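**Q** Structure below; questions to follow.
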Amino acid sequence: MTKTDPGRFFEDYALGQVIDHAVPRTVGAGERALYHALYPARHALASSDEFARACGLPESPLDDMVAFHVVFGKTVPDVSLNAVANLGYAEGRWRRPVYAGDTLRSSSEVIGLKQNSNGKTGVVWVRTTGTNQNGAAVLDYVRWVMVRKRDPQAPAPDTTVPDLKTALAPEDLVIPEGLDFTGYDFTLAGEPHRWADYEIGEVIDHVDGVTVEEAEHMMATRLWQNTAKVHFDLTARPEGRLIYGGHVISMARALSFNGLANAQMVAGLNGGAHANPCFAGDTIKAWSEVLDKAETPAPGVGALRLRLVATKDGQVGRTRGEDGKYLPGVLLDLDYWALVPM
C-alpha cells in the first residue's frame, strides 16, 4: 500500500467527472514582482495602481496571465501530470480581475474523451474554472491534453468530442465592473495607438526577442506550482526539459507590448496551439494579426481579436507550410480578445 500519487492516466477519467484541485493559492505583490522579473511585461494597467484607478478600477490588478497560470497550475497534478502534450485551448473567459490578496482555487469537469489509434494514449478535454475566496469565478476555459494510458490493454471509452466555439462572440466577453477608458492617458501607457488605429488583417511585427534560459523557465514553472514531469525531470524527455507552454504565452504577450501597449487586458481566449516544443536556448519572437474588432458597452473600451504567434526563427506572417502543418519555427498560435481604449 502506497501513500504517493502517480497521477491520473487516461483510463482514470470519466465523462462528467468533476475534479476539485488542491491547493488554494493566495496571490500578492510577490507574484506581480516575480512575473515582471520573468517576462518583459510593461502594460500600464497591471503595473500602476494610479493608472488603474484612473481607468475605474480600485487598484492595479495582477496581470491576467498570472490568474491563468495559477488556475492552470492547480490542475496539473490531476489533469496533465502524465501528459505527453497540452494540445489546445478554447472558450476561455476572464470573469473578473484578480487583485493582491485574492485566494484562487480550481476545479475541472471532464467534457470529452478519445483514445488514440495507437492504444497507448488518449485525449482528455476538461473545462476548468478558477474561483476566488468569495466563490466568484475569475476565469474559465477548456483545454485538451494527450495523456498516457497506464495499461495499453485497458478498454477504450466511448468517444466524446465536445462541440466548442471557434471563437467567442464580443457579447460573450465580461468587461470588468467600473472599467472606463474615457480618460485614458496614452503618454503613460507608452503608445498613442487606439482601437480605431488598428485594421482587420493588419500584421504587427513586435520586433524584440528573448532567449529562454533553463533556470528562468524552471523558476516560472515552480512559481505556478506546475508539477508536470516534462518541465523538471530530464529523464521524462531526454532531448531536453520541455518549456512550459504558459511560459511561451507570457513571453509572447509581454513582447507584444511593442505595437500593442494599449491592449491592456486579456478578456477572452478563443483558441490556441503549442505548435512545436520550446527548449532552453530558443529565442522567442512574436507577431500579431488583427482578426476582428468590436465595441463594448463599457465607456471608452473597445475589443480587438488578435492572433499572437510566437516563433523561434523570427519569421513573420506565415505559420504553415504547403502541407498544412505548422512550420518548425512556430512555437505558439494563440487567438484571444483584448480590451483597448477607443
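Ordering of the C-alpha cells sets the chain letters (A, B, ...), residue numbers begin anew at 1 in every chain, and ligands are numbered from 1 in the order given.
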Could you pull out all residues of region 184-234 of chain A with a DSSP call of strand (DSSP E) and give them as a list of chain:residue names?
**A**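 Checking each residue of region 184-234 of chain A, the strand (DSSP E) ones are A:Val203, A:Ile204, A:Asp205, A:His206, A:Val207, A:Asp208, A:Gly209, A:Val210, A:Thr211.
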**Q** Kindly save the residues from that selection, with C-alpha atoms included, as a PDB file, in the first residue's frame.
**A**
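Once written, again_29.pdb looks like this:
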```pdb
ATOM      1  CA  VAL A 203       0.083  42.243 -39.126  1.00  0.00           C
ATOM      2  CA  ILE A 204       2.331  43.693 -36.422  1.00  0.00           C
ATOM      3  CA  ASP A 205       5.934  42.558 -36.015  1.00  0.00           C
ATOM      4  CA  HIS A 206       6.786  43.041 -32.346  1.00  0.00           C
ATOM      5  CA  VAL A 207      10.488  43.149 -33.274  1.00  0.00           C
ATOM      6  CA  ASP A 208      12.026  42.210 -29.930  1.00  0.00           C
ATOM      7  CA  GLY A 209      13.188  38.765 -28.834  1.00  0.00           C
ATOM      8  CA  VAL A 210      14.071  36.975 -25.602  1.00  0.00           C
ATOM      9  CA  THR A 211      16.256  33.880 -25.302  1.00  0.00           C
TER      10      THR A 211
END
```
**Q** Near Glu11 (chain A), counting only C-alpha atoms, which residues have an atom at most 9 Å away, once you skip same-chain residues fewer than 3 positions from it, shown as a PDB file with all heavy atoms, in the first residue's frame?
**A**
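Output below, filename around_34.pdb:
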```
ATOM      1  N   ARG A   8      -3.124  10.759 -12.555  1.00  0.00           N
ATOM      2  CA  ARG A   8      -4.138  10.053 -13.345  1.00  0.00           C
ATOM      3  C   ARG A   8      -3.607   9.682 -14.723  1.00  0.00           C
ATOM      4  O   ARG A   8      -2.871  10.451 -15.346  1.00  0.00           O
ATOM      5  CB  ARG A   8      -5.393  10.921 -13.494  1.00  0.00           C
ATOM      6  CG  ARG A   8      -6.236  11.024 -12.234  1.00  0.00           C
ATOM      7  CD  ARG A   8      -7.385  12.009 -12.462  1.00  0.00           C
ATOM      8  NE  ARG A   8      -8.396  11.944 -11.411  1.00  0.00           N
ATOM      9  CZ  ARG A   8      -8.312  12.591 -10.242  1.00  0.00           C
ATOM     10  NH1 ARG A   8      -7.243  13.334  -9.984  1.00  0.00           N
ATOM     11  NH2 ARG A   8      -9.273  12.490  -9.347  1.00  0.00           N
ATOM     12  N   ALA A  14     -13.440   9.891 -16.554  1.00  0.00           N
ATOM     13  CA  ALA A  14     -14.789   9.510 -16.974  1.00  0.00           C
ATOM     14  C   ALA A  14     -15.553  10.766 -17.367  1.00  0.00           C
ATOM     15  O   ALA A  14     -15.398  11.827 -16.736  1.00  0.00           O
ATOM     16  CB  ALA A  14     -15.517   8.785 -15.848  1.00  0.00           C
ATOM     17  N   GLY A 122      -4.491   8.830 -24.981  1.00  0.00           N
ATOM     18  CA  GLY A 122      -5.810   9.339 -25.325  1.00  0.00           C
ATOM     19  C   GLY A 122      -5.875  10.819 -25.054  1.00  0.00           C
ATOM     20  O   GLY A 122      -5.007  11.386 -24.372  1.00  0.00           O
ATOM     21  N   ARG A 148      -1.018   9.659 -21.285  1.00  0.00           N
ATOM     22  CA  ARG A 148      -0.619   8.252 -21.403  1.00  0.00           C
ATOM     23  C   ARG A 148      -1.639   7.327 -20.745  1.00  0.00           C
ATOM     24  O   ARG A 148      -2.291   7.689 -19.778  1.00  0.00           O
ATOM     25  CB  ARG A 148       0.742   8.037 -20.733  1.00  0.00           C
ATOM     26  CG  ARG A 148       1.900   8.738 -21.409  1.00  0.00           C
ATOM     27  CD  ARG A 148       3.201   8.464 -20.665  1.00  0.00           C
ATOM     28  NE  ARG A 148       4.334   9.094 -21.324  1.00  0.00           N
ATOM     29  CZ  ARG A 148       4.723  10.349 -21.123  1.00  0.00           C
ATOM     30  NH1 ARG A 148       4.066  11.094 -20.242  1.00  0.00           N
ATOM     31  NH2 ARG A 148       5.750  10.859 -21.760  1.00  0.00           N
ATOM     32  N   LYS A 149      -1.739   6.107 -21.269  1.00  0.00           N
ATOM     33  CA  LYS A 149      -2.511   5.063 -20.595  1.00  0.00           C
ATOM     34  C   LYS A 149      -1.593   4.313 -19.630  1.00  0.00           C
ATOM     35  O   LYS A 149      -0.412   4.114 -19.905  1.00  0.00           O
ATOM     36  CB  LYS A 149      -3.107   4.089 -21.612  1.00  0.00           C
ATOM     37  CG  LYS A 149      -4.209   4.692 -22.475  1.00  0.00           C
ATOM     38  CD  LYS A 149      -4.855   3.638 -23.358  1.00  0.00           C
ATOM     39  CE  LYS A 149      -5.704   2.675 -22.556  1.00  0.00           C
ATOM     40  NZ  LYS A 149      -6.424   1.704 -23.419  1.00  0.00           N
ATOM     41  N   ARG A 150      -2.142   3.895 -18.525  1.00  0.00           N
ATOM     42  CA  ARG A 150      -1.399   3.039 -17.593  1.00  0.00           C
ATOM     43  C   ARG A 150      -1.252   1.642 -18.190  1.00  0.00           C
ATOM     44  O   ARG A 150      -0.180   1.035 -18.141  1.00  0.00           O
ATOM     45  CB  ARG A 150      -2.136   2.970 -16.258  1.00  0.00           C
ATOM     46  CG  ARG A 150      -1.440   2.092 -15.232  1.00  0.00           C
ATOM     47  CD  ARG A 150      -2.284   1.857 -13.988  1.00  0.00           C
ATOM     48  NE  ARG A 150      -2.510   3.103 -13.231  1.00  0.00           N
ATOM     49  CZ  ARG A 150      -3.637   3.781 -13.212  1.00  0.00           C
ATOM     50  NH1 ARG A 150      -4.683   3.345 -13.935  1.00  0.00           N
ATOM     51  NH2 ARG A 150      -3.765   4.875 -12.495  1.00  0.00           N
ATOM     52  N   ASP A 151      -2.354   1.161 -18.762  1.00  0.00           N
ATOM     53  CA  ASP A 151      -2.395  -0.187 -19.340  1.00  0.00           C
ATOM     54  C   ASP A 151      -2.905  -0.089 -20.774  1.00  0.00           C
ATOM     55  O   ASP A 151      -4.086   0.194 -20.998  1.00  0.00           O
ATOM     56  CB  ASP A 151      -3.329  -1.079 -18.516  1.00  0.00           C
ATOM     57  CG  ASP A 151      -3.498  -2.469 -19.110  1.00  0.00           C
ATOM     58  OD1 ASP A 151      -2.755  -2.811 -20.057  1.00  0.00           O
ATOM     59  OD2 ASP A 151      -4.385  -3.212 -18.640  1.00  0.00           O
ATOM     60  N   ALA A 154      -6.189  -1.722 -21.578  1.00  0.00           N
ATOM     61  CA  ALA A 154      -7.446  -1.277 -20.971  1.00  0.00           C
ATOM     62  C   ALA A 154      -8.422  -0.856 -22.063  1.00  0.00           C
ATOM     63  O   ALA A 154      -8.025  -0.246 -23.062  1.00  0.00           O
ATOM     64  CB  ALA A 154      -7.185  -0.115 -20.019  1.00  0.00           C
ATOM     65  N   PRO A 155      -9.705  -1.202 -21.912  1.00  0.00           N
ATOM     66  CA  PRO A 155     -10.676  -0.878 -22.961  1.00  0.00           C
ATOM     67  C   PRO A 155     -10.808   0.631 -23.175  1.00  0.00           C
ATOM     68  O   PRO A 155     -10.680   1.422 -22.234  1.00  0.00           O
ATOM     69  CB  PRO A 155     -11.983  -1.474 -22.433  1.00  0.00           C
ATOM     70  CG  PRO A 155     -11.786  -1.611 -20.960  1.00  0.00           C
ATOM     71  CD  PRO A 155     -10.337  -1.877 -20.762  1.00  0.00           C
ATOM     72  N   ALA A 156     -11.057   0.978 -24.413  1.00  0.00           N
ATOM     73  CA  ALA A 156     -11.230   2.394 -24.749  1.00  0.00           C
ATOM     74  C   ALA A 156     -12.613   2.872 -24.338  1.00  0.00           C
ATOM     75  O   ALA A 156     -13.596   2.125 -24.466  1.00  0.00           O
ATOM     76  CB  ALA A 156     -11.050   2.598 -26.246  1.00  0.00           C
ATOM     77  N   PRO A 157     -12.732   4.093 -23.836  1.00  0.00           N
ATOM     78  CA  PRO A 157     -14.055   4.630 -23.518  1.00  0.00           C
ATOM     79  C   PRO A 157     -14.794   5.017 -24.796  1.00  0.00           C
ATOM     80  O   PRO A 157     -14.189   5.111 -25.873  1.00  0.00           O
ATOM     81  CB  PRO A 157     -13.720   5.881 -22.694  1.00  0.00           C
ATOM     82  CG  PRO A 157     -12.405   6.330 -23.251  1.00  0.00           C
ATOM     83  CD  PRO A 157     -11.652   5.072 -23.597  1.00  0.00           C
TER      84      PRO A 157
END
```
**Q** Within 10 Å of region 67-75 of chain A, counting only C-alpha atoms, which residues show up once you throw out same-chain ones fewer than 5 positions away? Write them as a PyMOL selection string, please.
**A** chain A and resi 19-27+31+61-62+80-81+92+94+96-99+104-108+126+128-131+138-141+143+220-228+246-247+250
**Q** Find the distance between CA of Gly272 (chain A) and CA of Pro328 (chain A) and write it in Å to one decimal.
**A**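 Distance reported for this atom pair: 16.4 Å.
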**Q** From a DSSP pass on the backbone, collect the residues of region 136-279 of chain A flagged as alpha helix (DSSP H) and hand them back as a list in words.
**A**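 Selecting the alpha helix (DSSP H) positions of region 136-279 of chain A gives Phe186, Thr187, Leu188, Ala189, Glu214, Ala215, Glu216, His217, Met218, Met219, Ala220, Thr221, Arg222, Leu223, Gly245, Gly246, His247, Val248, Ile249, Ser250, Met251, Ala252, Arg253, Ala254, Leu255, Phe257, Asn258, Gly259 and Leu260 of chain A.
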**Q** Which residues are near Thr283 (chain A)? Cut-off 12 Å, only C-alpha atoms, ignore same chain within fewer than 4 positions. Put them as a list in words.
**A**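 Here the answer would be Asp208, Gly209, Val210, Thr211, Val212, Glu213, Val248, Met251, Ala252, Leu255, Cys278, Phe279, Ala310, Thr311, Lys312, Asp313, Gly314, Gly329, Val330 and Leu331 of chain A.
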**Q** Mind pulling up the distance from CA of Ala137 (chain A) to CA of Leu87 (chain A)?
**A**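 Between CA of Leu87 (chain A) and CA of Ala137 (chain A) the gap works out to 24.0 Å.
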**Q** Of the candidates A:Asp185, A:Asp12, A:Asp5, A:Asp63, which shows the shortest atom-to-atom distance to Met265 (chain A), using only C-alpha atoms?
**A**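 Comparing A:Asp185, A:Asp12, A:Asp5, A:Asp63 against Met265 (chain A), the winner is A:Asp63.
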**Q** Could you pull the residues within 8 Å of region 158-174 of chain A, counting only C-alpha atoms, minus those fewer than 6 positions along the same chain, as a short mmCIF file (atom, residue, chain, number, x, y, z; two decimals) with N, CA, C and O atoms, in the first residue's frame?
**A**
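What follows is the written file selection13.cif:
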```cif
data_model
loop_
_atom_site.label_atom_id
_atom_site.label_comp_id
_atom_site.auth_asym_id
_atom_site.auth_seq_id
_atom_site.Cartn_x
_atom_site.Cartn_y
_atom_site.Cartn_z
N ALA A 90 -9.76 26.60 -25.68
CA ALA A 90 -10.95 27.19 -26.30
C ALA A 90 -11.83 27.78 -25.21
O ALA A 90 -11.72 27.44 -24.03
N GLU A 91 -12.70 28.68 -25.61
CA GLU A 91 -13.78 29.23 -24.78
C GLU A 91 -13.28 29.75 -23.43
O GLU A 91 -13.91 29.55 -22.39
N ARG A 93 -12.61 32.64 -20.74
CA ARG A 93 -13.12 33.98 -20.37
C ARG A 93 -12.56 34.41 -19.03
O ARG A 93 -12.64 33.66 -18.05
N TRP A 94 -11.99 35.60 -19.00
CA TRP A 94 -11.59 36.21 -17.74
C TRP A 94 -12.83 36.89 -17.17
O TRP A 94 -13.37 37.83 -17.76
N ARG A 95 -13.31 36.41 -16.05
CA ARG A 95 -14.59 36.84 -15.49
C ARG A 95 -14.48 38.09 -14.62
O ARG A 95 -15.42 38.87 -14.54
N ARG A 96 -13.37 38.25 -13.91
CA ARG A 96 -13.16 39.42 -13.06
C ARG A 96 -11.67 39.53 -12.77
O ARG A 96 -10.95 38.53 -12.78
N ILE A 111 -15.12 16.84 -20.09
CA ILE A 111 -16.20 17.03 -21.07
C ILE A 111 -15.96 16.28 -22.36
O ILE A 111 -16.79 16.32 -23.27
N GLY A 112 -14.82 15.57 -22.47
CA GLY A 112 -14.56 14.81 -23.68
C GLY A 112 -13.46 13.79 -23.48
O GLY A 112 -12.53 14.01 -22.69
N LEU A 113 -13.56 12.66 -24.19
CA LEU A 113 -12.56 11.60 -24.15
C LEU A 113 -12.44 10.97 -25.52
O LEU A 113 -13.46 10.73 -26.20
N LYS A 114 -11.20 10.67 -25.93
CA LYS A 114 -11.00 9.99 -27.21
C LYS A 114 -9.67 9.25 -27.16
O LYS A 114 -8.61 9.87 -27.03
N GLN A 115 -9.73 7.91 -27.23
CA GLN A 115 -8.48 7.15 -27.25
C GLN A 115 -7.83 7.27 -28.61
O GLN A 115 -8.50 7.24 -29.65
N TRP A 125 -10.53 16.16 -22.64
CA TRP A 125 -10.96 17.55 -22.65
C TRP A 125 -11.52 17.91 -21.27
O TRP A 125 -12.34 17.15 -20.72
N ALA A 267 -9.34 39.46 -22.31
CA ALA A 267 -10.72 39.20 -21.91
C ALA A 267 -11.22 37.83 -22.34
O ALA A 267 -12.13 37.27 -21.72
N GLY A 268 -10.66 37.29 -23.43
CA GLY A 268 -11.15 36.02 -23.94
C GLY A 268 -10.05 35.24 -24.63
O GLY A 268 -9.14 35.82 -25.23
N LEU A 269 -10.14 33.92 -24.54
CA LEU A 269 -9.21 33.01 -25.20
C LEU A 269 -10.01 32.15 -26.16
O LEU A 269 -10.77 31.28 -25.74
N ASN A 270 -9.88 32.43 -27.45
CA ASN A 270 -10.68 31.74 -28.46
C ASN A 270 -10.12 30.38 -28.82
O ASN A 270 -10.85 29.44 -29.11
N GLY A 271 -8.81 30.29 -28.84
CA GLY A 271 -8.18 29.03 -29.22
C GLY A 271 -6.68 29.19 -29.14
O GLY A 271 -6.15 30.30 -29.07
N ALA A 294 -14.44 45.03 -32.15
CA ALA A 294 -15.81 45.19 -31.65
C ALA A 294 -15.85 46.29 -30.61
O ALA A 294 -14.87 46.53 -29.90
N GLU A 295 -16.98 46.97 -30.56
CA GLU A 295 -17.22 47.91 -29.48
C GLU A 295 -17.77 47.15 -28.28
O GLU A 295 -18.27 46.04 -28.41
N THR A 296 -17.65 47.75 -27.10
CA THR A 296 -18.20 47.12 -25.90
C THR A 296 -19.10 48.13 -25.20
O THR A 296 -19.05 49.34 -25.49
N ALA A 303 -12.72 46.30 -28.13
CA ALA A 303 -12.11 44.98 -28.08
C ALA A 303 -11.46 44.66 -29.42
O ALA A 303 -12.02 44.96 -30.48
#
```
**Q** Do you have the CA of Gly16 (chain A)-CA of Val110 (chain A) distance handy?
**A** 5.3 Å
**Q** Would you please work out which residue, of A:Arg194, A:Arg127, A:Arg32, A:Arg42, is nearest to Val301 (chain A) when using only C-alpha atoms?
**A**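 Looking only at the distances to Val301 (chain A), the closest residue turns out to be A:Arg194.
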